[in-house]
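Structure file input-v1.csv (CSV, N, CA and C atoms) follows.
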```csv
chain,number,residue,atom,x,y,z
A,1,MET,N,44.2,-42.5,37.0
A,1,MET,CA,43.3,-42.9,35.9
A,1,MET,C,43.6,-42.2,34.6
A,2,GLN,N,44.0,-40.9,34.7
A,2,GLN,CA,44.4,-40.3,33.4
A,2,GLN,C,45.5,-41.0,32.7
A,3,TYR,N,46.5,-41.3,33.5
A,3,TYR,CA,47.6,-42.1,32.9
A,3,TYR,C,47.2,-43.4,32.3
A,4,GLN,N,46.4,-44.1,33.1
A,4,GLN,CA,45.9,-45.5,32.7
A,4,GLN,C,45.1,-45.4,31.3
A,5,VAL,N,44.3,-44.3,31.2
A,5,VAL,CA,43.5,-44.2,30.0
A,5,VAL,C,44.3,-43.7,28.9
A,6,THR,N,45.0,-42.6,29.0
A,6,THR,CA,45.7,-41.9,27.9
A,6,THR,C,46.9,-42.7,27.4
A,7,ARG,N,47.6,-43.3,28.3
A,7,ARG,CA,48.9,-44.0,27.9
A,7,ARG,C,48.8,-45.5,27.8
A,8,LYS,N,47.9,-46.1,28.6
A,8,LYS,CA,47.8,-47.5,28.6
A,8,LYS,C,46.5,-48.1,27.9
A,9,ASN,N,45.8,-47.1,27.2
A,9,ASN,CA,44.6,-47.5,26.5
A,9,ASN,C,43.5,-48.0,27.4
A,10,GLY,N,43.5,-47.5,28.6
A,10,GLY,CA,42.5,-48.0,29.6
A,10,GLY,C,41.1,-47.4,29.3
A,11,THR,N,40.1,-47.9,30.1
A,11,THR,CA,38.8,-47.4,30.1
A,11,THR,C,38.3,-47.2,31.5
A,12,GLU,N,37.7,-46.0,31.8
A,12,GLU,CA,37.2,-45.7,33.1
A,12,GLU,C,35.8,-46.3,33.2
A,13,LEU,N,35.3,-46.4,34.5
A,13,LEU,CA,34.0,-46.9,34.7
A,13,LEU,C,32.9,-46.0,34.2
A,14,SER,N,31.9,-46.7,33.6
A,14,SER,CA,30.7,-45.9,33.1
A,14,SER,C,30.0,-45.3,34.3
A,15,PHE,N,29.3,-44.2,34.1
A,15,PHE,CA,28.5,-43.5,35.1
A,15,PHE,C,29.3,-43.1,36.3
A,16,GLN,N,30.6,-43.3,36.3
A,16,GLN,CA,31.4,-42.9,37.5
A,16,GLN,C,32.6,-42.1,37.0
A,17,ASN,N,32.4,-41.2,36.0
A,17,ASN,CA,33.4,-40.4,35.5
A,17,ASN,C,33.0,-39.0,35.4
A,18,GLU,N,33.9,-38.1,35.3
A,18,GLU,CA,33.6,-36.6,35.5
A,18,GLU,C,32.6,-36.0,34.5
A,19,PHE,N,32.6,-36.4,33.2
A,19,PHE,CA,31.8,-35.7,32.2
A,19,PHE,C,30.6,-36.4,31.6
A,20,TRP,N,30.3,-37.6,32.1
A,20,TRP,CA,29.3,-38.4,31.4
A,20,TRP,C,27.9,-37.6,31.4
A,21,ASP,N,27.7,-36.8,32.5
A,21,ASP,CA,26.4,-36.1,32.5
A,21,ASP,C,26.6,-34.6,32.6
A,22,ASN,N,27.8,-34.1,32.2
A,22,ASN,CA,28.1,-32.7,32.1
A,22,ASN,C,27.2,-32.0,31.1
A,23,LYS,N,26.4,-31.0,31.4
A,23,LYS,CA,25.5,-30.3,30.5
A,23,LYS,C,25.9,-28.8,30.3
A,24,ARG,N,27.1,-28.4,30.8
A,24,ARG,CA,27.5,-27.1,30.6
A,24,ARG,C,28.0,-26.8,29.2
A,25,GLU,N,28.0,-25.6,28.7
A,25,GLU,CA,28.5,-25.2,27.4
A,25,GLU,C,30.0,-25.0,27.5
A,26,GLY,N,30.7,-25.5,26.5
A,26,GLY,CA,32.1,-25.3,26.4
A,26,GLY,C,32.7,-26.3,25.5
A,27,ILE,N,34.0,-26.5,25.6
A,27,ILE,CA,34.7,-27.4,24.7
A,27,ILE,C,35.5,-28.4,25.6
A,28,TYR,N,35.9,-29.5,25.0
A,28,TYR,CA,36.7,-30.6,25.6
A,28,TYR,C,38.0,-30.7,24.9
A,29,VAL,N,39.1,-30.6,25.6
A,29,VAL,CA,40.4,-30.7,25.0
A,29,VAL,C,41.2,-31.9,25.5
A,30,ASP,N,42.2,-32.3,24.8
A,30,ASP,CA,43.0,-33.4,25.3
A,30,ASP,C,43.7,-33.0,26.6
A,31,ILE,N,43.6,-33.8,27.6
A,31,ILE,CA,44.2,-33.6,28.9
A,31,ILE,C,45.7,-33.5,28.8
A,32,VAL,N,46.3,-34.1,27.9
A,32,VAL,CA,47.8,-34.1,27.7
A,32,VAL,C,48.3,-32.9,26.9
A,33,SER,N,47.8,-32.7,25.7
A,33,SER,CA,48.3,-31.7,24.8
A,33,SER,C,47.5,-30.4,24.8
A,34,GLY,N,46.2,-30.4,25.2
A,34,GLY,CA,45.4,-29.3,25.2
A,34,GLY,C,44.7,-29.0,23.8
A,35,GLU,N,44.9,-30.0,22.9
A,35,GLU,CA,44.3,-29.8,21.5
A,35,GLU,C,42.8,-29.9,21.6
A,36,PRO,N,42.1,-29.0,21.0
A,36,PRO,CA,40.6,-29.0,21.0
A,36,PRO,C,40.1,-30.3,20.3
A,37,LEU,N,39.1,-30.9,21.0
A,37,LEU,CA,38.6,-32.2,20.5
A,37,LEU,C,37.1,-32.2,20.2
A,38,PHE,N,36.3,-31.7,21.2
A,38,PHE,CA,34.8,-31.8,21.1
A,38,PHE,C,34.2,-30.5,21.6
A,39,SER,N,33.0,-30.3,21.1
A,39,SER,CA,32.2,-29.2,21.6
A,39,SER,C,31.0,-29.8,22.4
A,40,SER,N,30.5,-29.0,23.4
A,40,SER,CA,29.3,-29.5,24.1
A,40,SER,C,28.1,-29.4,23.2
A,41,LEU,N,28.2,-28.7,22.1
A,41,LEU,CA,27.0,-28.6,21.2
A,41,LEU,C,26.8,-29.9,20.4
A,42,ASP,N,27.8,-30.8,20.4
A,42,ASP,CA,27.8,-32.1,19.7
A,42,ASP,C,27.7,-33.2,20.7
A,43,LYS,N,27.5,-32.9,22.0
A,43,LYS,CA,27.4,-33.9,23.0
A,43,LYS,C,26.0,-34.4,23.2
A,44,PHE,N,25.8,-35.7,23.4
A,44,PHE,CA,24.5,-36.2,23.6
A,44,PHE,C,24.5,-37.3,24.6
A,45,ASP,N,23.3,-37.6,25.2
A,45,ASP,CA,23.2,-38.7,26.2
A,45,ASP,C,23.0,-40.0,25.5
A,46,SER,N,24.1,-40.8,25.4
A,46,SER,CA,24.0,-42.1,24.7
A,46,SER,C,23.5,-43.2,25.6
A,47,GLY,N,23.3,-42.9,26.9
A,47,GLY,CA,22.9,-43.9,27.8
A,47,GLY,C,23.9,-44.9,28.2
A,48,THR,N,25.2,-44.7,27.8
A,48,THR,CA,26.3,-45.6,28.1
A,48,THR,C,27.0,-45.2,29.4
A,49,GLY,N,26.9,-44.0,29.8
A,49,GLY,CA,27.6,-43.6,31.0
A,49,GLY,C,29.0,-43.0,30.7
A,50,TRP,N,29.3,-42.7,29.5
A,50,TRP,CA,30.5,-42.0,29.1
A,50,TRP,C,30.1,-40.8,28.2
A,51,PRO,N,30.9,-39.8,28.2
A,51,PRO,CA,30.6,-38.7,27.4
A,51,PRO,C,30.6,-39.1,25.9
A,52,SER,N,29.6,-38.7,25.2
A,52,SER,CA,29.5,-39.1,23.8
A,52,SER,C,29.2,-37.9,22.9
A,53,PHE,N,29.8,-37.9,21.7
A,53,PHE,CA,29.7,-36.8,20.8
A,53,PHE,C,29.3,-37.3,19.4
A,54,THR,N,28.7,-36.5,18.6
A,54,THR,CA,28.4,-36.9,17.2
A,54,THR,C,29.5,-36.6,16.3
A,55,LYS,N,30.4,-35.7,16.6
A,55,LYS,CA,31.5,-35.4,15.7
A,55,LYS,C,32.6,-34.7,16.5
A,56,PRO,N,33.8,-34.7,16.0
A,56,PRO,CA,34.9,-33.9,16.6
A,56,PRO,C,34.7,-32.4,16.3
A,57,LEU,N,35.2,-31.6,17.2
A,57,LEU,CA,35.3,-30.1,17.0
A,57,LEU,C,36.3,-29.8,15.9
A,58,GLU,N,37.4,-30.4,16.0
A,58,GLU,CA,38.5,-30.3,15.0
A,58,GLU,C,38.9,-31.6,14.5
A,59,PRO,N,38.4,-32.1,13.4
A,59,PRO,CA,38.7,-33.4,12.9
A,59,PRO,C,40.2,-33.7,12.7
A,60,GLY,N,40.9,-32.7,12.4
A,60,GLY,CA,42.4,-32.8,12.2
A,60,GLY,C,43.1,-33.2,13.4
A,61,ASN,N,42.5,-33.0,14.6
A,61,ASN,CA,43.1,-33.3,15.9
A,61,ASN,C,42.9,-34.7,16.3
A,62,MET,N,42.2,-35.5,15.5
A,62,MET,CA,41.8,-36.8,15.9
A,62,MET,C,42.4,-37.8,14.9
A,63,VAL,N,42.8,-38.9,15.4
A,63,VAL,CA,43.3,-40.1,14.6
A,63,VAL,C,42.5,-41.3,15.0
A,64,GLU,N,42.0,-41.9,13.9
A,64,GLU,CA,41.2,-43.1,14.2
A,64,GLU,C,42.0,-44.4,13.7
A,65,ARG,N,42.0,-45.4,14.5
A,65,ARG,CA,42.7,-46.6,14.2
A,65,ARG,C,41.8,-47.8,14.4
A,66,GLU,N,42.1,-48.9,13.7
A,66,GLU,CA,41.4,-50.1,14.0
A,66,GLU,C,41.9,-50.7,15.3
A,67,ASP,N,41.0,-51.2,16.1
A,67,ASP,CA,41.4,-51.8,17.4
A,67,ASP,C,40.7,-53.1,17.5
A,68,SER,N,41.5,-54.2,17.6
A,68,SER,CA,40.9,-55.5,17.6
A,68,SER,C,41.2,-56.2,19.0
A,69,SER,N,41.4,-55.4,20.0
A,69,SER,CA,41.6,-55.9,21.4
A,69,SER,C,40.3,-56.5,21.9
A,70,PHE,N,40.5,-57.3,22.9
A,70,PHE,CA,39.3,-57.9,23.6
A,70,PHE,C,38.4,-58.7,22.6
A,71,PHE,N,39.0,-59.2,21.6
A,71,PHE,CA,38.2,-60.0,20.6
A,71,PHE,C,37.1,-59.2,20.0
A,72,MET,N,37.2,-57.9,19.8
A,72,MET,CA,36.2,-57.1,19.2
A,72,MET,C,36.9,-56.3,18.1
A,73,LYS,N,36.1,-55.9,17.1
A,73,LYS,CA,36.6,-54.9,16.1
A,73,LYS,C,36.0,-53.6,16.4
A,74,ARG,N,36.8,-52.6,16.7
A,74,ARG,CA,36.4,-51.3,17.0
A,74,ARG,C,37.3,-50.3,16.4
A,75,ILE,N,36.8,-49.0,16.4
A,75,ILE,CA,37.7,-47.9,15.9
A,75,ILE,C,38.1,-47.1,17.1
A,76,GLU,N,39.4,-47.1,17.4
A,76,GLU,CA,39.9,-46.3,18.5
A,76,GLU,C,40.1,-44.9,18.1
A,77,ALA,N,39.8,-43.9,19.0
A,77,ALA,CA,40.0,-42.5,18.7
A,77,ALA,C,41.2,-42.1,19.6
A,78,ARG,N,42.2,-41.4,19.0
A,78,ARG,CA,43.4,-40.9,19.7
A,78,ARG,C,43.5,-39.4,19.3
A,79,SER,N,44.1,-38.7,20.2
A,79,SER,CA,44.5,-37.3,19.8
A,79,SER,C,45.7,-37.3,18.9
A,80,ARG,N,45.7,-36.4,17.9
A,80,ARG,CA,46.8,-36.4,17.0
A,80,ARG,C,48.2,-36.0,17.6
A,81,TYR,N,48.2,-34.9,18.3
A,81,TYR,CA,49.5,-34.4,18.8
A,81,TYR,C,49.9,-35.0,20.2
A,82,GLY,N,48.9,-35.2,21.0
A,82,GLY,CA,49.2,-35.8,22.4
A,82,GLY,C,49.3,-37.3,22.3
A,83,ASP,N,48.8,-37.9,21.2
A,83,ASP,CA,48.8,-39.4,21.1
A,83,ASP,C,48.1,-40.0,22.3
A,84,SER,N,47.0,-39.4,22.8
A,84,SER,CA,46.3,-39.9,23.9
A,84,SER,C,45.2,-40.8,23.4
A,85,HIS,N,45.0,-41.9,24.1
A,85,HIS,CA,43.9,-42.8,23.9
A,85,HIS,C,42.7,-42.0,24.4
A,86,LEU,N,41.7,-41.8,23.6
A,86,LEU,CA,40.5,-41.1,24.1
A,86,LEU,C,39.3,-42.0,24.3
A,87,GLY,N,39.1,-42.9,23.4
A,87,GLY,CA,37.9,-43.8,23.5
A,87,GLY,C,37.8,-44.5,22.2
A,88,HIS,N,36.5,-44.7,21.8
A,88,HIS,CA,36.2,-45.4,20.5
A,88,HIS,C,35.0,-44.7,19.8
A,89,VAL,N,35.0,-45.0,18.5
A,89,VAL,CA,33.9,-44.5,17.6
A,89,VAL,C,33.1,-45.6,17.2
A,90,PHE,N,31.8,-45.5,17.3
A,90,PHE,CA,30.8,-46.5,17.0
A,90,PHE,C,29.8,-45.9,15.9
A,91,PRO,N,29.3,-46.8,15.1
A,91,PRO,CA,28.3,-46.3,14.0
A,91,PRO,C,26.9,-46.4,14.5
A,92,ASP,N,26.6,-46.1,15.7
A,92,ASP,CA,25.2,-46.2,16.3
A,92,ASP,C,24.8,-44.9,16.9
A,93,GLY,N,25.3,-43.8,16.4
A,93,GLY,CA,25.0,-42.5,17.0
A,93,GLY,C,23.8,-41.8,16.3
A,94,PRO,N,23.4,-40.7,16.8
A,94,PRO,CA,22.2,-40.0,16.2
A,94,PRO,C,22.6,-39.2,14.9
A,95,LYS,N,21.6,-38.7,14.2
A,95,LYS,CA,21.8,-37.8,13.1
A,95,LYS,C,22.5,-36.5,13.6
A,96,PRO,N,23.3,-35.8,12.9
A,96,PRO,CA,23.4,-36.0,11.5
A,96,PRO,C,24.5,-36.9,11.0
A,97,THR,N,25.4,-37.3,11.9
A,97,THR,CA,26.6,-38.2,11.5
A,97,THR,C,26.3,-39.7,11.6
A,98,GLY,N,25.4,-40.1,12.5
A,98,GLY,CA,25.2,-41.5,12.8
A,98,GLY,C,26.4,-42.1,13.6
A,99,LEU,N,27.3,-41.3,14.1
A,99,LEU,CA,28.4,-41.8,14.8
A,99,LEU,C,28.3,-41.4,16.3
A,100,ARG,N,28.9,-42.2,17.1
A,100,ARG,CA,29.0,-42.0,18.5
A,100,ARG,C,30.5,-42.0,18.9
A,101,TYR,N,31.0,-40.9,19.2
A,101,TYR,CA,32.4,-40.8,19.7
A,101,TYR,C,32.3,-41.0,21.2
A,102,CYS,N,32.5,-42.2,21.7
A,102,CYS,CA,32.4,-42.6,23.1
A,102,CYS,C,33.8,-42.4,23.8
A,103,MET,N,33.9,-41.3,24.6
A,103,MET,CA,35.2,-40.9,25.2
A,103,MET,C,35.3,-41.2,26.7
A,104,ASN,N,36.5,-41.2,27.1
A,104,ASN,CA,36.8,-41.3,28.5
A,104,ASN,C,37.0,-39.9,29.1
A,105,SER,N,36.3,-39.6,30.2
A,105,SER,CA,36.4,-38.3,30.8
A,105,SER,C,37.9,-38.1,31.2
A,106,ALA,N,38.6,-39.1,31.6
A,106,ALA,CA,39.9,-39.0,32.1
A,106,ALA,C,40.9,-38.5,31.0
A,107,ALA,N,40.5,-38.6,29.8
A,107,ALA,CA,41.4,-38.2,28.7
A,107,ALA,C,41.1,-36.7,28.3
A,108,LEU,N,40.0,-36.1,28.9
A,108,LEU,CA,39.6,-34.8,28.5
A,108,LEU,C,39.7,-33.8,29.6
A,109,ARG,N,39.8,-32.6,29.2
A,109,ARG,CA,39.7,-31.4,30.1
A,109,ARG,C,38.6,-30.5,29.6
A,110,PHE,N,37.6,-30.2,30.4
A,110,PHE,CA,36.5,-29.3,30.0
A,110,PHE,C,36.8,-27.9,30.2
A,111,ILE,N,36.6,-27.0,29.2
A,111,ILE,CA,36.8,-25.6,29.4
A,111,ILE,C,35.4,-24.9,29.1
A,112,PRO,N,34.8,-24.4,30.2
A,112,PRO,CA,33.5,-23.7,30.0
A,112,PRO,C,33.6,-22.5,29.1
A,113,LYS,N,32.5,-22.2,28.4
A,113,LYS,CA,32.5,-21.2,27.4
A,113,LYS,C,33.0,-19.9,28.0
A,114,GLU,N,32.7,-19.6,29.3
A,114,GLU,CA,33.1,-18.3,29.9
A,114,GLU,C,34.6,-18.2,30.1
A,115,ASN,N,35.3,-19.3,30.0
A,115,ASN,CA,36.7,-19.3,30.2
A,115,ASN,C,37.5,-19.5,28.9
A,116,LEU,N,36.8,-19.7,27.8
A,116,LEU,CA,37.5,-19.9,26.5
A,116,LEU,C,38.5,-18.9,26.2
A,117,GLY,N,38.2,-17.6,26.3
A,117,GLY,CA,39.1,-16.5,26.0
A,117,GLY,C,40.3,-16.5,26.8
A,118,LYS,N,40.1,-16.6,28.1
A,118,LYS,CA,41.3,-16.5,29.0
A,118,LYS,C,42.2,-17.7,29.0
A,119,GLU,N,41.7,-18.8,28.5
A,119,GLU,CA,42.5,-20.0,28.4
A,119,GLU,C,43.1,-20.3,27.0
A,120,GLY,N,42.9,-19.3,26.1
A,120,GLY,CA,43.5,-19.4,24.8
A,120,GLY,C,42.7,-20.0,23.7
A,121,TYR,N,41.4,-20.2,24.0
A,121,TYR,CA,40.5,-20.9,23.0
A,121,TYR,C,39.4,-20.0,22.6
A,122,GLY,N,39.7,-18.7,22.6
A,122,GLY,CA,38.7,-17.6,22.2
A,122,GLY,C,38.1,-17.8,20.9
A,123,LYS,N,38.8,-18.4,19.9
A,123,LYS,CA,38.2,-18.6,18.6
A,123,LYS,C,36.9,-19.4,18.6
A,124,TYR,N,36.7,-20.2,19.7
A,124,TYR,CA,35.5,-21.0,19.8
A,124,TYR,C,34.3,-20.4,20.4
A,125,LEU,N,34.5,-19.1,20.9
A,125,LEU,CA,33.4,-18.4,21.5
A,125,LEU,C,32.2,-18.2,20.6
A,126,ASN,N,32.5,-18.0,19.3
A,126,ASN,CA,31.4,-17.8,18.3
A,126,ASN,C,30.4,-19.0,18.3
A,127,LEU,N,30.9,-20.2,18.6
A,127,LEU,CA,30.0,-21.4,18.6
A,127,LEU,C,28.9,-21.2,19.5
A,128,PHE,N,29.0,-20.5,20.6
A,128,PHE,CA,28.0,-20.4,21.6
A,128,PHE,C,27.2,-19.1,21.6
A,129,LYS,N,27.4,-18.3,20.6
A,129,LYS,CA,26.6,-17.0,20.5
A,129,LYS,C,25.3,-17.4,20.0
A,130,LYS,N,24.3,-16.9,20.7
A,130,LYS,CA,22.9,-17.1,20.3
A,130,LYS,C,22.5,-16.1,19.2
A,131,ASP,N,21.6,-16.5,18.3
A,131,ASP,CA,21.1,-15.5,17.3
A,131,ASP,C,20.3,-14.5,18.0
A,132,GLU,N,20.5,-13.2,17.7
A,132,GLU,CA,19.8,-12.2,18.4
A,132,GLU,C,18.7,-11.5,17.6
A,133,GLY,N,18.4,-12.1,16.5
A,133,GLY,CA,17.4,-11.5,15.6
A,133,GLY,C,16.3,-12.4,15.3
```

If you convert what's in this file into structure tokens, what do you get?
Amino acid sequence: MQYQVTRKNGTELSFQNEFWDNKREGIYVDIVSGEPLFSSLDKFDSGTGWPSFTKPLEPGNMVEREDSSFFMKRIEARSRYGDSHLGHVFPDGPKPTGLRYCMNSAALRFIPKENLGKEGYGKYLNLFKKDEG
């Protein structure tokens, strides 16, 4: 499935993928290149059955392209360095961006906040620190 999604622009089944209902804190990276893509802080339940985010964690790691396949006009989201097909961006998301980055779990690897440091993503630990005052 990972190959079908990332290299052949496939789509996994809704509600039958690894991260659609993941509520743990952490970040999502490209399964191919490891480049950071999304934070759980920007994840929301879109009701679609795919993991959805309001914005990318690192906008420079995303490439957006027009996609007119299947007789639709959509915006495809790809990872910049891995060139992985991730999913699509729709203008029907919640505030503050109004966008819905609807991604395929098969294109992502989730790194829980407690593993960020040991997996080389320690700079993102500050995102999950709670105010103590």

Between A:Phe44, A:Phe38, A:Tyr81, A:Tyr124, single out the one closest to Leu57 (chain A), counting only N, CA and C atoms. A:Phe38

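Nearest-residue note for Leu108 (chain A): choosing from A:Phe15, A:Trp50, A:Val32, A:Ile75, the minimum distance belongs to A:Val32, counting all atoms listed in the file.
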
Write out as a ChimeraX atom specification which residues come within 10 Å of Tyr28 (chain A) when counting only C-alpha atoms, dropping same-chain ones fewer than 5 positions away. /A:19,34-40,56-57,105,107-112

Using only C-alpha atoms, which residues sit within 12 Å of Lys129 (chain A) once same-chain residues fewer than 5 positions away are excluded, as a count of residues only? 7

Between CA of Gln4 (chain A) and CA of Ile27 (chain A), what distance in Å does the model show, to one decimal? 22.7 Å

Just to confirm, what's the straight-line distance from CA of Arg100 (chain A) to CA of Glu66 (chain A) in Å (one decimal)? 15.5 Å

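For region 33-97 of chain A, the set of residues given helix (DSSP H, G or I) by DSSP on the backbone reads Ser40, Leu41, Asp42, Pro59, Gly60, Asn61, Ser69, Phe70 and Phe71 of chain A.
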
I'd like to know which of A:Met72, A:Val29, A:Leu13, A:Met1 is closest to Leu116 (chain A), using only C-alpha atoms. A:Val29

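Using all atoms listed in the file, the shortest contact distance between His85 (chain A) and any of A:Gly122, A:Ala106, A:Gly47, A:Ser68 is found at A:Ala106.
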
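The residue that comes closest to Ser84 (chain A), out of A:Glu58, A:Ser33, A:Thr48, A:Asn22 and on the basis of only C-alpha atoms, is A:Ser33.
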
Just region 73-106 of chain A, please, as a tab-separated table (two decimals), in the first residue's frame (only C-alpha atoms).
```tsv
chain	number	residue	atom	x	y	z
A	73	LYS	CA	-9.83	19.69	-10.04
A	74	ARG	CA	-7.87	19.20	-6.84
A	75	ILE	CA	-4.61	20.25	-5.27
A	76	GLU	CA	-2.23	17.34	-4.77
A	77	ALA	CA	0.21	17.43	-1.83
A	78	ARG	CA	3.64	15.83	-2.31
A	79	SER	CA	6.73	15.76	-0.15
A	80	ARG	CA	9.49	17.96	-1.55
A	81	TYR	CA	12.50	15.68	-1.11
A	82	GLY	CA	10.92	12.23	-1.17
A	83	ASP	CA	8.53	13.23	-3.99
A	84	SER	CA	5.90	11.09	-2.29
A	85	HIS	CA	2.24	11.49	-3.11
A	86	LEU	CA	0.71	12.33	0.28
A	87	GLY	CA	-2.89	13.26	-0.48
A	88	HIS	CA	-4.83	16.41	-1.36
A	89	VAL	CA	-5.53	19.87	0.00
A	90	PHE	CA	-9.12	21.13	0.14
A	91	PRO	CA	-10.49	24.60	1.02
A	92	ASP	CA	-13.06	23.24	3.51
A	93	GLY	CA	-11.04	23.00	6.70
A	94	PRO	CA	-11.49	24.72	10.04
A	95	LYS	CA	-9.96	27.96	11.23
A	96	PRO	CA	-7.36	29.31	11.35
A	97	THR	CA	-6.36	28.26	7.80
A	98	GLY	CA	-9.64	27.06	6.31
A	99	LEU	CA	-7.64	24.24	4.70
A	100	ARG	CA	-7.88	20.49	5.03
A	101	TYR	CA	-4.72	18.58	4.25
A	102	CYS	CA	-6.30	15.15	3.68
A	103	MET	CA	-3.44	12.65	3.79
A	104	ASN	CA	-2.91	8.94	3.28
A	105	SER	CA	-1.62	7.15	6.38
A	106	ALA	CA	0.43	4.90	4.07
```
